[in-house]
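To be precise, the following lines are input05.cif, and they hold mmCIF, C-alpha atoms and all ligand atoms.
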```
data_run
loop_
_atom_site.group_PDB
_atom_site.id
_atom_site.type_symbol
_atom_site.label_atom_id
_atom_site.label_comp_id
_atom_site.auth_asym_id
_atom_site.auth_seq_id
_atom_site.Cartn_x
_atom_site.Cartn_y
_atom_site.Cartn_z
ATOM 1 C CA MET A 20 -11.325 20.683 -7.420
ATOM 2 C CA GLN A 21 -12.757 23.645 -5.545
ATOM 3 C CA GLN A 22 -10.275 25.472 -3.292
ATOM 4 C CA ASP A 23 -12.576 25.222 -0.257
ATOM 5 C CA GLN A 24 -12.984 21.464 -0.774
ATOM 6 C CA ALA A 25 -9.206 21.056 -0.969
ATOM 7 C CA TYR A 26 -8.888 23.136 2.192
ATOM 8 C CA SER A 27 -11.426 21.090 4.137
ATOM 9 C CA LEU A 28 -9.744 17.848 3.039
ATOM 10 C CA ARG A 29 -6.429 19.188 4.318
ATOM 11 C CA GLN A 30 -8.048 20.206 7.594
ATOM 12 C CA LEU A 31 -9.647 16.777 7.909
ATOM 13 C CA SER A 32 -6.267 15.157 7.302
ATOM 14 C CA LYS A 33 -4.705 17.331 9.972
ATOM 15 C CA SER A 34 -7.420 16.676 12.519
ATOM 16 C CA LEU A 35 -7.030 12.959 11.907
ATOM 17 C CA ALA A 36 -3.340 13.301 12.515
ATOM 18 C CA ASP A 37 -3.694 15.002 15.911
ATOM 19 C CA PRO A 38 -3.023 14.543 18.713
ATOM 20 C CA VAL A 39 -1.889 10.919 18.225
ATOM 21 C CA ARG A 40 -1.916 9.517 14.725
ATOM 22 C CA SER A 41 -3.262 6.000 14.373
ATOM 23 C CA SER A 42 -0.993 5.252 11.373
ATOM 24 C CA ARG A 43 -3.407 3.394 9.110
ATOM 25 C CA VAL A 44 -1.549 0.432 7.580
ATOM 26 C CA VAL A 45 -2.448 -0.360 3.995
ATOM 27 C CA THR A 46 -0.878 -3.114 1.916
ATOM 28 C CA VAL A 47 -0.944 -3.091 -1.881
ATOM 29 C CA ALA A 48 -1.561 -6.529 -3.381
ATOM 30 C CA SER A 49 -2.164 -8.218 -6.713
ATOM 31 C CA GLY A 50 -2.544 -11.712 -8.060
ATOM 32 C CA LYS A 51 -0.774 -11.304 -11.397
ATOM 33 C CA GLY A 52 2.538 -9.442 -11.560
ATOM 34 C CA GLY A 53 3.190 -6.195 -13.400
ATOM 35 C CA VAL A 54 -0.334 -4.799 -13.008
ATOM 36 C CA GLY A 55 0.871 -1.493 -11.543
ATOM 37 C CA LYS A 56 1.170 -2.024 -7.749
ATOM 38 C CA SER A 57 4.445 -0.185 -7.204
ATOM 39 C CA ASN A 58 3.459 2.758 -9.391
ATOM 40 C CA PHE A 59 0.133 2.921 -7.583
ATOM 41 C CA ALA A 60 1.759 2.696 -4.118
ATOM 42 C CA LEU A 61 4.257 5.461 -4.876
ATOM 43 C CA ASN A 62 1.880 7.861 -6.606
ATOM 44 C CA PHE A 63 -0.944 7.220 -4.145
ATOM 45 C CA ALA A 64 1.489 8.045 -1.322
ATOM 46 C CA LEU A 65 2.427 11.311 -3.057
ATOM 47 C CA SER A 66 -1.249 12.149 -3.649
ATOM 48 C CA LEU A 67 -1.989 11.641 0.062
ATOM 49 C CA ILE A 68 0.932 13.928 0.921
ATOM 50 C CA GLU A 69 -0.558 16.540 -1.389
ATOM 51 C CA LEU A 70 -3.643 16.447 0.853
ATOM 52 C CA GLY A 71 -1.546 17.130 3.923
ATOM 53 C CA GLN A 72 -0.983 13.557 5.127
ATOM 54 C CA LYS A 73 2.300 12.259 6.453
ATOM 55 C CA VAL A 74 3.060 9.018 4.661
ATOM 56 C CA VAL A 75 5.716 6.338 4.985
ATOM 57 C CA LEU A 76 6.029 3.957 2.061
ATOM 58 C CA VAL A 77 7.559 0.566 2.828
ATOM 59 C CA ASP A 78 8.882 -1.599 0.019
ATOM 60 C CA LEU A 79 8.336 -5.219 0.935
ATOM 61 C CA ASP A 80 8.455 -6.717 -2.530
ATOM 62 C CA LEU A 81 10.402 -9.895 -1.895
ATOM 63 C CA GLY A 82 13.896 -9.454 -3.226
ATOM 64 C CA MET A 83 12.565 -7.363 -6.138
ATOM 65 C CA ALA A 84 12.134 -4.089 -4.321
ATOM 66 C CA ASN A 85 12.035 -1.285 -6.886
ATOM 67 C CA ILE A 86 10.201 1.728 -5.455
ATOM 68 C CA ASP A 87 13.583 3.498 -5.179
ATOM 69 C CA ILE A 88 14.162 2.942 -8.909
ATOM 70 C CA LEU A 89 10.796 4.538 -9.719
ATOM 71 C CA MET A 90 12.059 7.635 -7.878
ATOM 72 C CA GLY A 91 15.632 7.482 -9.177
ATOM 73 C CA ILE A 92 16.975 7.232 -5.633
ATOM 74 C CA THR A 93 19.662 4.895 -4.321
ATOM 75 C CA PRO A 94 18.696 4.022 -0.747
ATOM 76 C CA ARG A 95 21.438 4.349 1.853
ATOM 77 C CA SER A 96 20.126 1.398 3.809
ATOM 78 C CA ASN A 97 17.292 -1.130 3.997
ATOM 79 C CA LEU A 98 15.322 -3.373 6.332
ATOM 80 C CA LEU A 99 17.760 -6.262 6.090
ATOM 81 C CA GLU A 100 20.634 -4.018 7.156
ATOM 82 C CA MET A 101 18.479 -2.650 9.942
ATOM 83 C CA ILE A 102 18.113 -6.167 11.343
ATOM 84 C CA GLN A 103 21.637 -7.384 10.677
ATOM 85 C CA GLN A 104 23.361 -4.249 11.912
ATOM 86 C CA GLN A 105 20.847 -3.482 14.664
ATOM 87 C CA LYS A 106 20.115 -0.084 13.149
ATOM 88 C CA SER A 107 17.253 2.073 14.289
ATOM 89 C CA VAL A 108 14.250 2.309 11.954
ATOM 90 C CA TRP A 109 15.051 6.041 11.685
ATOM 91 C CA ASP A 110 18.365 5.122 10.037
ATOM 92 C CA VAL A 111 16.530 3.330 7.232
ATOM 93 C CA VAL A 112 13.783 5.871 6.599
ATOM 94 C CA GLU A 113 14.860 7.610 3.404
ATOM 95 C CA LYS A 114 13.714 10.983 2.116
ATOM 96 C CA GLY A 115 11.891 10.906 -1.214
ATOM 97 C CA PRO A 116 10.351 13.741 -3.247
ATOM 98 C CA ASN A 117 7.765 16.163 -1.790
ATOM 99 C CA GLY A 118 8.244 15.045 1.808
ATOM 100 C CA LEU A 119 7.642 11.366 1.053
ATOM 101 C CA GLU A 120 9.499 9.032 3.405
ATOM 102 C CA PHE A 121 10.196 5.477 2.433
ATOM 103 C CA ILE A 122 11.891 2.337 3.667
ATOM 104 C CA ALA A 123 13.631 0.117 1.137
ATOM 105 C CA GLY A 124 13.199 -3.600 1.666
ATOM 106 C CA GLY A 125 16.398 -5.056 0.299
ATOM 107 C CA SER A 126 15.998 -8.799 0.536
ATOM 108 C CA GLY A 127 15.144 -8.484 4.226
ATOM 109 C CA PHE A 128 11.580 -9.572 4.172
ATOM 110 C CA THR A 129 12.251 -12.834 2.323
ATOM 111 C CA LYS A 130 14.091 -13.928 5.408
ATOM 112 C CA LEU A 131 11.481 -12.850 7.922
ATOM 113 C CA LEU A 132 10.352 -16.386 8.675
ATOM 114 C CA GLN A 133 13.914 -17.568 9.140
ATOM 115 C CA LEU A 134 14.958 -14.795 11.474
ATOM 116 C CA GLN A 135 16.187 -15.688 14.924
ATOM 117 C CA GLU A 136 13.717 -14.959 17.680
ATOM 118 C CA GLU A 137 15.666 -11.933 18.944
ATOM 119 C CA GLU A 138 16.196 -10.571 15.409
ATOM 120 C CA ARG A 139 12.476 -10.763 14.809
ATOM 121 C CA SER A 140 11.665 -9.009 18.093
ATOM 122 C CA PHE A 141 14.147 -6.297 17.179
ATOM 123 C CA PHE A 142 12.568 -5.920 13.718
ATOM 124 C CA PHE A 143 9.061 -5.592 15.177
ATOM 125 C CA ALA A 144 10.152 -3.212 17.920
ATOM 126 C CA GLU A 145 11.723 -0.920 15.328
ATOM 127 C CA LEU A 146 8.690 -1.117 13.040
ATOM 128 C CA GLU A 147 6.431 -0.229 15.954
ATOM 129 C CA LYS A 148 8.296 3.032 16.427
ATOM 130 C CA LEU A 149 6.411 4.282 13.366
ATOM 131 C CA HIS A 150 3.263 4.348 15.512
ATOM 132 C CA GLY A 151 2.010 7.902 15.633
ATOM 133 C CA TYR A 152 4.692 9.048 13.191
ATOM 134 C CA ALA A 153 2.703 8.807 9.954
ATOM 135 C CA ASP A 154 -0.978 9.077 9.118
ATOM 136 C CA THR A 155 -0.695 6.286 6.599
ATOM 137 C CA ILE A 156 1.856 3.533 6.121
ATOM 138 C CA ILE A 157 1.657 2.054 2.637
ATOM 139 C CA ILE A 158 3.296 -1.313 2.118
ATOM 140 C CA ASP A 159 4.086 -2.409 -1.427
ATOM 141 C CA THR A 160 4.403 -6.168 -1.856
ATOM 142 C CA GLY A 161 5.251 -8.624 -4.615
ATOM 143 C CA ALA A 162 2.668 -10.230 -6.887
ATOM 144 C CA GLY A 163 0.690 -13.216 -5.649
ATOM 145 C CA LEU A 164 0.986 -14.620 -2.162
ATOM 146 C CA THR A 165 4.143 -15.833 -0.511
ATOM 147 C CA LEU A 166 3.825 -16.877 3.093
ATOM 148 C CA GLU A 167 5.374 -13.594 4.242
ATOM 149 C CA SER A 168 3.295 -11.291 2.053
ATOM 150 C CA GLN A 169 0.161 -13.232 2.992
ATOM 151 C CA GLN A 170 0.859 -12.638 6.670
ATOM 152 C CA CYS A 171 1.563 -9.030 5.946
ATOM 153 C CA HIS A 172 -1.821 -8.535 4.225
ATOM 154 C CA LEU A 173 -3.605 -10.423 6.992
ATOM 155 C CA SER A 174 -2.066 -8.079 9.564
ATOM 156 C CA ALA A 175 -2.924 -4.841 7.765
ATOM 157 C CA ASP A 176 -5.866 -2.514 8.376
ATOM 158 C CA GLU A 177 -6.842 -2.921 4.748
ATOM 159 C CA VAL A 178 -5.627 -4.303 1.448
ATOM 160 C CA ILE A 179 -5.732 -2.337 -1.783
ATOM 161 C CA LEU A 180 -6.050 -4.991 -4.459
ATOM 162 C CA ILE A 181 -4.827 -3.986 -7.913
ATOM 163 C CA THR A 182 -5.743 -5.781 -11.091
ATOM 164 C CA THR A 183 -6.079 -4.950 -14.746
ATOM 165 C CA ALA A 184 -9.224 -5.868 -16.689
ATOM 166 C CA GLU A 185 -7.509 -8.894 -18.267
ATOM 167 C CA PRO A 186 -9.288 -12.144 -17.373
ATOM 168 C CA THR A 187 -6.012 -13.742 -16.220
ATOM 169 C CA ALA A 188 -5.301 -10.847 -13.841
ATOM 170 C CA ILE A 189 -8.893 -10.939 -12.581
ATOM 171 C CA ALA A 190 -8.716 -14.684 -11.926
ATOM 172 C CA ASP A 191 -5.466 -14.268 -9.969
ATOM 173 C CA ALA A 192 -6.875 -11.324 -7.997
ATOM 174 C CA TYR A 193 -9.910 -13.427 -7.104
ATOM 175 C CA ALA A 194 -7.611 -16.199 -5.868
ATOM 176 C CA VAL A 195 -5.884 -13.687 -3.576
ATOM 177 C CA VAL A 196 -9.214 -12.571 -2.077
ATOM 178 C CA LYS A 197 -10.305 -16.184 -1.632
ATOM 179 C CA ILE A 198 -7.145 -17.238 0.214
ATOM 180 C CA LEU A 199 -6.963 -14.161 2.433
ATOM 181 C CA HIS A 200 -10.710 -14.305 3.126
ATOM 182 C CA SER A 201 -10.424 -17.947 4.238
ATOM 183 C CA GLN A 202 -7.936 -16.862 6.898
ATOM 184 C CA ARG A 203 -9.423 -13.539 7.931
ATOM 185 C CA PRO A 204 -12.999 -13.024 6.765
ATOM 186 C CA SER A 205 -13.104 -9.525 8.293
ATOM 187 C CA LEU A 206 -10.151 -8.262 6.224
ATOM 188 C CA SER A 207 -11.099 -5.132 4.289
ATOM 189 C CA PHE A 208 -10.397 -4.998 0.526
ATOM 190 C CA GLN A 209 -10.417 -1.975 -1.764
ATOM 191 C CA LEU A 210 -10.452 -2.951 -5.429
ATOM 192 C CA VAL A 211 -8.635 -0.925 -8.091
ATOM 193 C CA ILE A 212 -8.875 -1.750 -11.787
ATOM 194 C CA ASN A 213 -5.789 -0.340 -13.490
ATOM 195 C CA ARG A 214 -5.090 0.487 -17.130
ATOM 196 C CA VAL A 215 -8.722 0.736 -18.233
ATOM 197 C CA THR A 216 -9.510 2.132 -21.681
ATOM 198 C CA ASN A 217 -12.537 4.036 -20.365
ATOM 199 C CA PRO A 218 -14.168 4.574 -16.958
ATOM 200 C CA LYS A 219 -17.274 2.587 -17.961
ATOM 201 C CA GLU A 220 -15.158 -0.491 -18.694
ATOM 202 C CA GLY A 221 -13.437 -0.111 -15.333
ATOM 203 C CA MET A 222 -16.667 0.093 -13.398
ATOM 204 C CA GLU A 223 -18.184 -2.876 -15.258
ATOM 205 C CA VAL A 224 -15.163 -5.061 -14.494
ATOM 206 C CA ALA A 225 -15.161 -3.940 -10.861
ATOM 207 C CA SER A 226 -18.894 -4.649 -10.433
ATOM 208 C CA LYS A 227 -18.536 -8.125 -11.948
ATOM 209 C CA PHE A 228 -15.662 -8.827 -9.573
ATOM 210 C CA LYS A 229 -17.666 -7.563 -6.616
ATOM 211 C CA THR A 230 -20.650 -9.717 -7.615
ATOM 212 C CA ALA A 231 -18.465 -12.831 -8.007
ATOM 213 C CA VAL A 232 -16.904 -12.275 -4.576
ATOM 214 C CA HIS A 233 -20.350 -11.770 -3.096
ATOM 215 C CA SER A 234 -21.867 -14.903 -4.678
ATOM 216 C CA PHE A 235 -18.980 -17.303 -4.106
ATOM 217 C CA LEU A 236 -17.490 -16.032 -0.864
ATOM 218 C CA ASN A 237 -20.557 -14.325 0.549
ATOM 219 C CA ARG A 238 -18.593 -11.224 1.462
ATOM 220 C CA GLU A 239 -18.428 -7.597 0.456
ATOM 221 C CA ILE A 240 -15.503 -5.968 -1.311
ATOM 222 C CA LYS A 241 -15.279 -2.215 -1.805
ATOM 223 C CA ILE A 242 -14.696 -0.747 -5.253
ATOM 224 C CA PHE A 243 -12.052 1.923 -4.850
ATOM 225 C CA GLY A 244 -11.830 3.023 -8.476
ATOM 226 C CA ALA A 245 -10.402 2.570 -11.950
ATOM 227 C CA ILE A 246 -7.185 4.114 -13.276
ATOM 228 C CA PRO A 247 -6.981 4.833 -17.004
ATOM 229 C CA GLU A 248 -4.351 3.474 -19.352
ATOM 230 C CA ASP A 249 -2.041 6.460 -19.653
ATOM 231 C CA SER A 250 1.191 6.743 -21.631
ATOM 232 C CA HIS A 251 2.507 9.251 -19.062
ATOM 233 C CA VAL A 252 2.984 6.327 -16.651
ATOM 234 C CA LEU A 253 5.592 4.575 -18.806
ATOM 235 C CA GLN A 254 7.224 7.897 -19.707
ATOM 236 C CA ALA A 255 7.578 8.696 -15.996
ATOM 237 C CA VAL A 256 8.932 5.215 -15.220
ATOM 238 C CA LEU A 257 11.575 5.688 -17.916
ATOM 239 C CA LYS A 258 12.477 9.112 -16.486
ATOM 240 C CA GLN A 259 12.505 7.632 -12.961
ATOM 241 C CA VAL A 260 10.162 10.354 -11.734
ATOM 242 C CA PRO A 261 6.757 9.441 -10.178
ATOM 243 C CA PHE A 262 4.041 10.140 -12.775
ATOM 244 C CA CYS A 263 2.095 12.348 -10.334
ATOM 245 C CA LEU A 264 5.078 14.696 -10.294
ATOM 246 C CA ALA A 265 6.222 14.293 -13.902
ATOM 247 C CA ALA A 266 2.711 14.793 -15.338
ATOM 248 C CA PRO A 267 0.398 16.134 -12.609
ATOM 249 C CA LYS A 268 -2.395 16.928 -15.071
ATOM 250 C CA SER A 269 -2.355 13.525 -16.755
ATOM 251 C CA ALA A 270 -5.445 11.322 -16.531
ATOM 252 C CA ALA A 271 -3.648 8.810 -14.259
ATOM 253 C CA SER A 272 -2.441 11.567 -11.875
ATOM 254 C CA LEU A 273 -5.881 13.174 -11.641
ATOM 255 C CA THR A 274 -7.430 9.795 -10.892
ATOM 256 C CA LEU A 275 -4.901 9.118 -8.132
ATOM 257 C CA LYS A 276 -5.729 12.511 -6.678
ATOM 258 C CA ARG A 277 -9.424 11.611 -6.560
ATOM 259 C CA LEU A 278 -8.669 8.228 -4.981
ATOM 260 C CA ALA A 279 -6.525 9.915 -2.326
ATOM 261 C CA GLU A 280 -9.369 12.327 -1.537
ATOM 262 C CA ARG A 281 -11.761 9.409 -1.193
ATOM 263 C CA PHE A 282 -9.297 7.563 1.025
ATOM 264 C CA VAL A 283 -8.819 10.541 3.335
ATOM 265 C CA THR A 284 -12.511 11.345 3.674
ATOM 266 C CA GLY A 285 -13.269 7.660 4.268
ATOM 267 C CA SER A 286 -10.709 7.404 7.037
ATOM 268 C CA ALA A 287 -12.661 9.366 9.651
ATOM 269 C CA GLU A 288 -13.435 6.149 11.524
ATOM 270 C CA PRO A 289 -10.615 5.172 13.878
ATOM 271 C CA SER A 290 -8.819 2.096 12.645
ATOM 272 C CA GLU A 291 -10.377 -0.991 14.255
ATOM 273 C CA ASN A 292 -7.189 -2.962 13.735
ATOM 274 C CA GLY A 293 -4.888 -0.605 15.566
ATOM 275 C CA GLY A 294 -2.563 0.709 12.856
ATOM 276 C CA ILE A 295 1.097 -0.233 13.008
ATOM 277 C CA LYS A 296 0.831 -1.579 16.563
ATOM 278 C CA GLY A 297 -2.003 -3.887 15.515
ATOM 279 C CA PHE A 298 -0.017 -4.845 12.411
ATOM 280 C CA VAL A 299 3.041 -5.836 14.440
ATOM 281 C CA ARG A 300 0.922 -7.639 17.055
ATOM 282 C CA LYS A 301 -0.855 -9.771 14.439
ATOM 283 C CA LEU A 302 2.318 -10.480 12.495
ATOM 284 C CA THR A 303 4.132 -11.535 15.677
ATOM 285 C CA LYS A 304 1.280 -13.894 16.581
ATOM 286 C CA MET A 305 1.302 -15.521 13.144
ATOM 287 C CA LEU A 306 5.080 -15.882 12.966
ATOM 288 C CA ASN A 307 5.249 -17.370 16.449
ATOM 289 C CA PHE A 308 2.577 -19.901 15.607
HETATM 290 N N1 LIG B 1 -2.199 3.244 -15.612
HETATM 291 C C1 LIG B 1 -1.203 2.816 -16.397
HETATM 292 N N2 LIG B 1 -1.131 3.194 -17.693
HETATM 293 C C2 LIG B 1 -0.145 2.754 -18.484
HETATM 294 N N3 LIG B 1 0.830 1.918 -18.091
HETATM 295 C C3 LIG B 1 0.812 1.497 -16.820
HETATM 296 C C4 LIG B 1 -0.190 1.931 -15.895
HETATM 297 N N4 LIG B 1 0.075 1.335 -14.690
HETATM 298 C C5 LIG B 1 1.181 0.583 -14.879
HETATM 299 N N5 LIG B 1 1.639 0.679 -16.142
HETATM 300 C C6 LIG B 1 2.801 -0.014 -16.746
HETATM 301 O O1 LIG B 1 3.013 -1.213 -16.050
HETATM 302 C C7 LIG B 1 4.381 -1.312 -15.652
HETATM 303 C C8 LIG B 1 4.502 -2.124 -14.391
HETATM 304 O O2 LIG B 1 4.040 -1.363 -13.292
HETATM 305 P P1 LIG B 1 4.514 -1.688 -11.805
HETATM 306 O O3 LIG B 1 5.969 -1.895 -11.732
HETATM 307 O O4 LIG B 1 3.927 -0.627 -10.939
HETATM 308 O O5 LIG B 1 3.743 -3.070 -11.572
HETATM 309 P P2 LIG B 1 3.841 -4.054 -10.310
HETATM 310 O O6 LIG B 1 2.462 -4.629 -10.132
HETATM 311 O O7 LIG B 1 4.435 -3.352 -9.151
HETATM 312 O O8 LIG B 1 4.832 -5.161 -10.849
HETATM 313 P P3 LIG B 1 5.477 -6.364 -9.969
HETATM 314 O O9 LIG B 1 4.379 -7.377 -9.806
HETATM 315 O O10 LIG B 1 6.592 -6.840 -10.835
HETATM 316 O O11 LIG B 1 5.916 -5.758 -8.673
HETATM 317 C C9 LIG B 1 4.841 0.134 -15.548
HETATM 318 O O12 LIG B 1 6.224 0.229 -15.717
HETATM 319 C C10 LIG B 1 4.083 0.811 -16.660
HETATM 320 O O13 LIG B 1 4.771 0.651 -17.883
HETATM 321 MG MG MG B 2 6.091 -3.849 -7.937
#
```
Represent the structure from my file as structure tokens, please.
Ligand SMILES: Nc1ncnc2c1ncn2[C@@H]1O[C@H](COP(=O)(O)OP(=O)(O)OP(=O)(O)O)[C@@H](O)[C@H]1O
Ligand SMILES: [Mg+2]
Amino acid sequence: MQQDQAYSLRQLSKSLADPVRSSRVVTVASGKGGVGKSNFALNFALSLIELGQKVVLVDLDLGMANIDILMGITPRSNLLEMIQQQKSVWDVVEKGPNGLEFIAGGSGFTKLLQLQEEERSFFFAELEKLHGYADTIIIDTGAGLTLESQQCHLSADEVILITTAEPTAIADAYAVVKILHSQRPSLSFQLVINRVTNPKEGMEVASKFKTAVHSFLNREIKIFGAIPEDSHVLQAVLKQVPFCLAAPKSAASLTLKRLAERFVTGSAEPSENGGIKGFVRKLTKMLNF
């Protein structure tokens, strides 16, 4: 990428961040498991940081939280401990590589629906403190839809939906859109096809998906991009180093970089859903229903 383009993207990021950041809340979803959500969430976060954004990554994969493993870090604390021990959210924000900050889930979120009223209020109040702290809050979730993850997606500013080109993964991803759409037709989706053998294949699969969503649900879904199948991803997972850092020139890393640039330039509009405050407000409403 041209130096001046990189510079203007960084400036745009900075201007978006000042004076008060809106903290865009993005959840990462999939129908089928193992399609690459956590690797995407982590490496996308690092790619946004590279562009000058401040990012907090929250691991809300129900009981199977593993973002810390992908970074080779043992978290000191997690969301469940925050609630049980009345810790501040700042006590559970961990430092990752390259200025990344992340919050480990533990098994906290599985219990969200069963929390006592005051525990839940405490949880939300702490989460809300992130308002203005980060430009983007990325929330990794488990595959499919549990009641909690569903409510989380419905409360977000947008959902990045990951699938591979496999028909089974596509069918499950479609089911996710259908269910979430039935509850919040205005919810914004960004589709990512992961592990494609060539860009053409990725775009064809994405267009078919978009057309199906349009014909059956009469709604639009944005195509975010396609990430190539890349052996550097597995190598990085085995090394417990994010692939963007372990192999910055790999095809997967360069694609993530392009997606991050697109995300940042597309974020000039202020978030209509109100970032983390809107997220907490919607989640509170749903859980109190
Ligand atoms: N672009 C890619 N190229 C090659 N392999 C990939 C790619 N993306 C993901 N993988 C492989 O898929 C595995 C699973 O990825 P990941 O853990 O990110 O999926 P997930 O969707 O978060 O899974 P879960 O549903 O269990 O949370 C990785 O360990 C890696 O081996
Ligand atoms: Mg995962």
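Proximity to ligand MG 2 (chain B) was assessed for A:Val47, A:Leu98, A:Ile92, A:Leu206 counting only C-alpha atoms and all ligand atoms; the smallest distance is recorded for A:Val47.
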TODO: Take the PyMOL selection byres (((not hetatm)) within 8 of (chain B and resi 1)), apply it to the structure above, and return the hits as a ChimeraX atom specification.
DONE: /A:49,51-60,80,83-85,159-162,181,213-215,246-254,256-257,271
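Of the residues listed (A:Ala184, A:Val224, A:His172, A:Val77), A:Val77 shows the shortest atom-to-atom separation from ligand MG 2 (chain B); distances use all atoms listed in the file.
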Open item on the list: Here is a test: counting all atoms listed in the file, which residue of A:Thr230, A:Gln209, A:Asn217, A:Ser174 is nearest to Ile242 (chain A)?
Closed with: A:Gln209
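Nearest residue to Val45 (chain A) among A:Phe262, A:Phe208, A:Phe235, A:Tyr193 is A:Phe208, counting only C-alpha atoms.
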Task: d(CA of Arg203 (chain A), CA of Gly244 (chain A)) in Å - done: 23.4 Å
- [ ] Name the closest residue to Val260 (chain A) among the candidates A:Thr303, A:Asn117, A:Thr182, A:Thr274; distances are taken between atoms, counting only C-alpha atoms.
- [x] A:Asn117
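The two atoms in question, CA of Ile122 (chain A) and CA of Leu89 (chain A), are spaced 13.6 Å apart.
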Open item on the list: I want to know what sits within 9 Å of region 139-151 of chain A, based on all atoms listed in the file, with residues of the same chain fewer than 4 positions away left out; could you give that as a ChimeraX atom specification?
Closed with: /A:36,38-42,75,98,101-102,105-109,131-135,156,294-296,298-300,302-303
Written file, previous selection with C-alpha atoms, as an mmCIF file, keeping the file's coordinate frame:
```cif
data_model
loop_
_atom_site.group_PDB
_atom_site.id
_atom_site.type_symbol
_atom_site.label_atom_id
_atom_site.label_comp_id
_atom_site.auth_asym_id
_atom_site.auth_seq_id
_atom_site.Cartn_x
_atom_site.Cartn_y
_atom_site.Cartn_z
ATOM 1 C CA ALA A 36 -3.340 13.301 12.515
ATOM 2 C CA PRO A 38 -3.023 14.543 18.713
ATOM 3 C CA VAL A 39 -1.889 10.919 18.225
ATOM 4 C CA ARG A 40 -1.916 9.517 14.725
ATOM 5 C CA SER A 41 -3.262 6.000 14.373
ATOM 6 C CA SER A 42 -0.993 5.252 11.373
ATOM 7 C CA VAL A 75 5.716 6.338 4.985
ATOM 8 C CA LEU A 98 15.322 -3.373 6.332
ATOM 9 C CA MET A 101 18.479 -2.650 9.942
ATOM 10 C CA ILE A 102 18.113 -6.167 11.343
ATOM 11 C CA GLN A 105 20.847 -3.482 14.664
ATOM 12 C CA LYS A 106 20.115 -0.084 13.149
ATOM 13 C CA SER A 107 17.253 2.073 14.289
ATOM 14 C CA VAL A 108 14.250 2.309 11.954
ATOM 15 C CA TRP A 109 15.051 6.041 11.685
ATOM 16 C CA LEU A 131 11.481 -12.850 7.922
ATOM 17 C CA LEU A 132 10.352 -16.386 8.675
ATOM 18 C CA GLN A 133 13.914 -17.568 9.140
ATOM 19 C CA LEU A 134 14.958 -14.795 11.474
ATOM 20 C CA GLN A 135 16.187 -15.688 14.924
ATOM 21 C CA ILE A 156 1.856 3.533 6.121
ATOM 22 C CA GLY A 294 -2.563 0.709 12.856
ATOM 23 C CA ILE A 295 1.097 -0.233 13.008
ATOM 24 C CA LYS A 296 0.831 -1.579 16.563
ATOM 25 C CA PHE A 298 -0.017 -4.845 12.411
ATOM 26 C CA VAL A 299 3.041 -5.836 14.440
ATOM 27 C CA ARG A 300 0.922 -7.639 17.055
ATOM 28 C CA LEU A 302 2.318 -10.480 12.495
ATOM 29 C CA THR A 303 4.132 -11.535 15.677
#
```
- [ ] Using CA of Ile158 (chain A) and CA of Asp78 (chain A) as the two end points, give the distance in Å to one decimal.
- [x] 6.0 Å
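Among the candidates A:Lys304, A:Val178, A:Tyr152, A:Leu79, the residue lying nearest to Leu199 (chain A) is A:Val178 (atoms considered: all atoms listed in the file).
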Residues at most 6 Å from Lys73 (chain A), counting only C-alpha atoms, excluding those fewer than 2 positions away in the same chain, as a PDB file with C-alpha atoms, in the coordinates of the input?
```
ATOM      1  CA  ILE A  68       0.932  13.928   0.921  1.00  0.00           C
ATOM      2  CA  ALA A 153       2.703   8.807   9.954  1.00  0.00           C
ATOM      3  CA  ASP A 154      -0.978   9.077   9.118  1.00  0.00           C
TER       4      ASP A 154
END
```
